[in-house]
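*Asks:* Here's a structure for you.
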Amino acid sequence: MNTKLLVEDGPHLHRGVSVKSAMWDVIVALIPITLTSLIIFDFEAVLIIVSCIVGALLGEVVARVVKGEQPRLSDGSAMLTGLILALTLPPTAWWMAIPSYFMGGFVATAIFRELMGGLGKNPLNPAIASRIFLLICRMASVYAAPFLVGISPAFKPYLYDIGSLDAFSKATPLMIMAGKVEEAMPSYRDLFLLNEGGSLAETSILAVLIGCAYLVYKGHIKLHIPLTAIGTTFVVTAIFGADPIYHILSGGLIFGAIFMATDWATSPITNKGKVIFGIGIGLLVAILRLIFFNQTLWVGVGAVAFAILIMNAFVPFIDRVTARTKFGERA
């Protein structure tokens, strides 16, 4: 009788959910908001989504080949990273969208995921890190524009008047709240159902909540982080006299709290840790928006991304502090 002892990594007992199935479930959950953005922004949304996804797929292939590993595009992780990144971006001119957003997708998987530990070991959310990378690059180009125009007037249409490039998207509610644009704020109803200002993910809160309901039904996320992040932002902005409902419905807070802050690799393990993590995100979003709106608008507009990325760095500490007591061990 030939008996073999098989030694494999855990988990040994599971409920049939694999990384691949979970990734594709999240992609399915993003379909409502993706379709909404395609309806509103049409061709520009297609370019953004395709550019980010292709860049993310290529980034994974290149990085894993460099590491001497086989690419695993079929698990959907690279496609998911590219899609989430795309949904955080505003529609812009096609000639700017293709190179910059392709680079964003490439950087997200190649650098912020594969070269920083790999899938499940990356300390920072790849899509958020890449979003901030693109935001900083964009602002750097704006600040450098006068010098580049002085060197060559040919740069002017591409850099100096960069604000005109986002003509496909109306002024965002956050810009209106900051007093940068003299327009009437959209109603709560418009923000919830259908809004044409901002990034692709800001087009419909209802579509985001439909995706959230699907993820909760499939058991992929819990609501500790989204509820505490959104609730904390509501309370803090209300205390300082701002309209808390506008702050919740604007700027991608709900999308970020549901689809990015709950990332399995970059969020706390315990329920207590998730609550602390969510409160930290909510506090940072409120503080960044209230303080930086009038001084540095791009920081206030990117408050959700900055808040989640900052709290990602504290996850190991939160996990240690909130770790469950081992069986037989005194607290």
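Each chain in the structure tokens gets a letter, A, B and so on, in the order shown; residues start at 1 in every chain, and ligands are counted from 1 in the order they appear.
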Can you pull out every residue within 10 Å of Ala286 in chain A, counting only C-alpha atoms, but drop anything in the same chain fewer than 5 positions away, and send it as a list in words?

*Replies:*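 Residues meeting the cut-off are Ala229, Ile230, Thr232, Thr233, Phe234, Val235, Val236, Thr237, Ala238, Phe240, Ala242, Pro244, His247, Ile248, Ile281, Ile291, Gly300, Ala303, Val304 and Ala307 of chain A.
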
*Asks:* Fewer than 3 positions away in the same chain doesn't count, so skip those; otherwise give me all residues within 12 Å of Ala129 in chain A, counting only C-alpha atoms, as a count of residues only.

*Replies:* 37

*Asks:* Quick one: residues within 9 Å of Gly251 in chain A, only C-alpha atoms, excluding same-chain residues fewer than 2 positions away - as an mmCIF file with N, CA and C atoms, in the first residue's frame?

*Replies:*
```
data_model
loop_
_atom_site.group_PDB
_atom_site.id
_atom_site.type_symbol
_atom_site.label_atom_id
_atom_site.label_comp_id
_atom_site.auth_asym_id
_atom_site.auth_seq_id
_atom_site.Cartn_x
_atom_site.Cartn_y
_atom_site.Cartn_z
ATOM 1 N N THR A 172 -17.152 69.754 -10.800
ATOM 2 C CA THR A 172 -17.514 68.793 -9.764
ATOM 3 C C THR A 172 -18.185 69.515 -8.594
ATOM 4 N N PRO A 173 -19.035 68.816 -7.850
ATOM 5 C CA PRO A 173 -19.648 69.422 -6.667
ATOM 6 C C PRO A 173 -18.623 69.927 -5.667
ATOM 7 N N LEU A 174 -17.488 69.234 -5.556
ATOM 8 C CA LEU A 174 -16.450 69.678 -4.628
ATOM 9 C C LEU A 174 -15.865 71.018 -5.057
ATOM 10 N N GLY A 198 -17.363 65.317 -12.325
ATOM 11 C CA GLY A 198 -16.403 64.528 -11.571
ATOM 12 C C GLY A 198 -15.899 63.305 -12.303
ATOM 13 N N SER A 199 -15.416 62.351 -11.543
ATOM 14 C CA SER A 199 -14.846 61.133 -12.114
ATOM 15 C C SER A 199 -15.948 60.168 -12.565
ATOM 16 N N ALA A 201 -16.661 57.300 -11.409
ATOM 17 C CA ALA A 201 -17.326 56.658 -10.271
ATOM 18 C C ALA A 201 -18.300 57.573 -9.563
ATOM 19 N N GLU A 202 -18.278 58.861 -9.886
ATOM 20 C CA GLU A 202 -19.153 59.820 -9.226
ATOM 21 C C GLU A 202 -20.460 60.030 -9.978
ATOM 22 N N HIS A 247 -21.005 66.443 1.310
ATOM 23 C CA HIS A 247 -19.687 65.850 1.451
ATOM 24 C C HIS A 247 -19.731 64.332 1.307
ATOM 25 N N ILE A 248 -20.832 63.733 1.686
ATOM 26 C CA ILE A 248 -20.961 62.279 1.561
ATOM 27 C C ILE A 248 -21.246 61.873 0.120
ATOM 28 N N LEU A 249 -22.126 62.628 -0.536
ATOM 29 C CA LEU A 249 -22.533 62.266 -1.892
ATOM 30 C C LEU A 249 -21.560 62.730 -2.964
ATOM 31 N N LEU A 253 -16.516 59.566 -2.156
ATOM 32 C CA LEU A 253 -16.346 59.002 -0.821
ATOM 33 C C LEU A 253 -17.008 57.632 -0.701
ATOM 34 N N ILE A 254 -18.229 57.506 -1.161
ATOM 35 C CA ILE A 254 -18.950 56.240 -1.033
ATOM 36 C C ILE A 254 -18.287 55.161 -1.885
ATOM 37 N N PHE A 255 -17.903 55.495 -3.097
ATOM 38 C CA PHE A 255 -17.204 54.521 -3.955
ATOM 39 C C PHE A 255 -15.895 54.078 -3.313
ATOM 40 N N VAL A 301 -9.680 67.755 -3.345
ATOM 41 C CA VAL A 301 -10.410 66.918 -4.295
ATOM 42 C C VAL A 301 -9.962 65.461 -4.189
ATOM 43 N N GLY A 302 -8.677 65.231 -3.950
ATOM 44 C CA GLY A 302 -8.152 63.869 -3.819
ATOM 45 C C GLY A 302 -8.141 63.372 -2.387
ATOM 46 N N ALA A 303 -8.971 63.975 -1.535
ATOM 47 C CA ALA A 303 -8.951 63.663 -0.105
ATOM 48 C C ALA A 303 -9.224 62.189 0.175
ATOM 49 N N VAL A 304 -10.170 61.591 -0.543
ATOM 50 C CA VAL A 304 -10.519 60.182 -0.296
ATOM 51 C C VAL A 304 -9.321 59.286 -0.594
#
```

*Asks:* Using DSSP on the backbone coordinates, identify all residues within range 41-288 of chain A classified as helix (DSSP H, G or I); present the result as a ChimeraX atom specification.

*Replies:* /A:41,43-66,73-75,77-87,94-110,114-116,126-151,153-155,162-166,173-177,188-193,200-202,205-218,224-239,244-249,253-260,271-288

*Asks:* Would you kindly return, as a ChimeraX atom specification, each protein, DNA or RNA residue with an atom no farther than 12 Å from any atom of Leu47 in chain A, considering only C-alpha atoms and excluding same-chain residues fewer than 2 positions away?

*Replies:* /A:37-38,41-45,49-55,83,86-87,89-102,200

*Asks:* Those same residues - N, CA and C atoms - I'd like them written as a compact mmCIF listing (two decimals), in the first residue's frame.

*Replies:*
```
# COMPACT_ATOMS: atom_id res chain seq x y z
N SER A 37 -21.33 55.30 -16.26
CA SER A 37 -20.32 56.23 -16.77
C SER A 37 -20.24 56.17 -18.29
N LEU A 38 -20.44 54.99 -18.87
CA LEU A 38 -20.42 54.88 -20.33
C LEU A 38 -21.60 55.61 -20.95
N PHE A 41 -20.62 59.58 -20.32
CA PHE A 41 -19.42 60.12 -20.98
C PHE A 41 -19.09 59.46 -22.30
N ASP A 42 -19.76 58.35 -22.62
CA ASP A 42 -19.65 57.74 -23.95
C ASP A 42 -18.20 57.40 -24.30
N PHE A 43 -17.71 57.92 -25.42
CA PHE A 43 -16.42 57.52 -25.98
C PHE A 43 -15.26 57.82 -25.03
N GLU A 44 -15.33 58.95 -24.31
CA GLU A 44 -14.25 59.32 -23.40
C GLU A 44 -14.11 58.28 -22.29
N ALA A 45 -15.23 57.78 -21.77
CA ALA A 45 -15.18 56.76 -20.72
C ALA A 45 -14.58 55.46 -21.25
N ILE A 49 -11.23 53.64 -19.60
CA ILE A 49 -11.31 52.27 -19.08
C ILE A 49 -10.36 51.34 -19.84
N VAL A 50 -10.39 51.42 -21.16
CA VAL A 50 -9.53 50.55 -21.97
C VAL A 50 -8.05 50.86 -21.71
N SER A 51 -7.70 52.15 -21.65
CA SER A 51 -6.29 52.53 -21.43
C SER A 51 -5.78 52.01 -20.09
N CYS A 52 -6.57 52.17 -19.03
CA CYS A 52 -6.14 51.74 -17.70
C CYS A 52 -6.04 50.22 -17.61
N ILE A 53 -7.01 49.52 -18.18
CA ILE A 53 -7.00 48.05 -18.09
C ILE A 53 -5.85 47.46 -18.90
N VAL A 54 -5.64 47.96 -20.12
CA VAL A 54 -4.52 47.45 -20.93
C VAL A 54 -3.19 47.74 -20.25
N GLY A 55 -3.05 48.94 -19.68
CA GLY A 55 -1.83 49.27 -18.96
C GLY A 55 -1.61 48.37 -17.76
N LEU A 83 -9.61 48.68 -13.81
CA LEU A 83 -10.98 49.19 -13.86
C LEU A 83 -11.26 50.14 -12.71
N ALA A 86 -9.55 53.38 -13.40
CA ALA A 86 -10.27 54.13 -14.43
C ALA A 86 -11.49 54.85 -13.86
N LEU A 87 -12.19 54.20 -12.96
CA LEU A 87 -13.42 54.79 -12.40
C LEU A 87 -13.13 55.95 -11.46
N LEU A 89 -11.01 58.29 -12.27
CA LEU A 89 -10.47 59.35 -13.11
C LEU A 89 -11.56 60.13 -13.82
N PRO A 90 -11.31 61.43 -14.11
CA PRO A 90 -12.29 62.23 -14.86
C PRO A 90 -12.09 62.06 -16.36
N PRO A 91 -13.14 62.24 -17.14
CA PRO A 91 -12.98 62.19 -18.60
C PRO A 91 -12.19 63.39 -19.08
N THR A 92 -11.35 63.19 -20.07
CA THR A 92 -10.51 64.27 -20.57
C THR A 92 -10.26 64.05 -22.06
N ALA A 93 -9.45 64.91 -22.66
CA ALA A 93 -9.16 64.81 -24.10
C ALA A 93 -8.50 63.47 -24.41
N TRP A 94 -8.87 62.87 -25.54
CA TRP A 94 -8.42 61.52 -25.85
C TRP A 94 -6.91 61.40 -25.95
N TRP A 95 -6.24 62.43 -26.53
CA TRP A 95 -4.80 62.33 -26.73
C TRP A 95 -4.05 62.40 -25.40
N MET A 96 -4.71 62.95 -24.37
CA MET A 96 -4.09 62.96 -23.04
C MET A 96 -4.46 61.71 -22.26
N ALA A 97 -5.68 61.20 -22.47
CA ALA A 97 -6.16 60.05 -21.71
C ALA A 97 -5.34 58.79 -22.01
N ILE A 98 -5.10 58.53 -23.27
CA ILE A 98 -4.46 57.26 -23.65
C ILE A 98 -3.07 57.10 -23.03
N PRO A 99 -2.13 58.05 -23.22
CA PRO A 99 -0.79 57.83 -22.65
C PRO A 99 -0.73 57.91 -21.13
N SER A 100 -1.41 58.90 -20.53
CA SER A 100 -1.31 59.08 -19.09
C SER A 100 -2.04 58.00 -18.32
N TYR A 101 -3.23 57.64 -18.78
CA TYR A 101 -4.01 56.62 -18.06
C TYR A 101 -3.47 55.22 -18.31
N PHE A 102 -2.90 54.99 -19.48
CA PHE A 102 -2.19 53.73 -19.73
C PHE A 102 -1.01 53.61 -18.76
N LEU A 200 -15.54 59.10 -13.22
CA LEU A 200 -16.52 58.12 -13.71
C LEU A 200 -17.31 57.50 -12.56
```

*Asks:* What's the separation between CA of Thr34 in chain A and CA of Ser187 in chain A, in Å to one decimal place?

*Replies:*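 Atom-to-atom, CA of Thr34 in chain A and CA of Ser187 in chain A are spaced 22.2 Å apart.
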
*Asks:* Which value, in Å to one decimal, gives the distance between CA of Trp264 in chain A and CA of Asp25 in chain A?

*Replies:* 13.7 Å
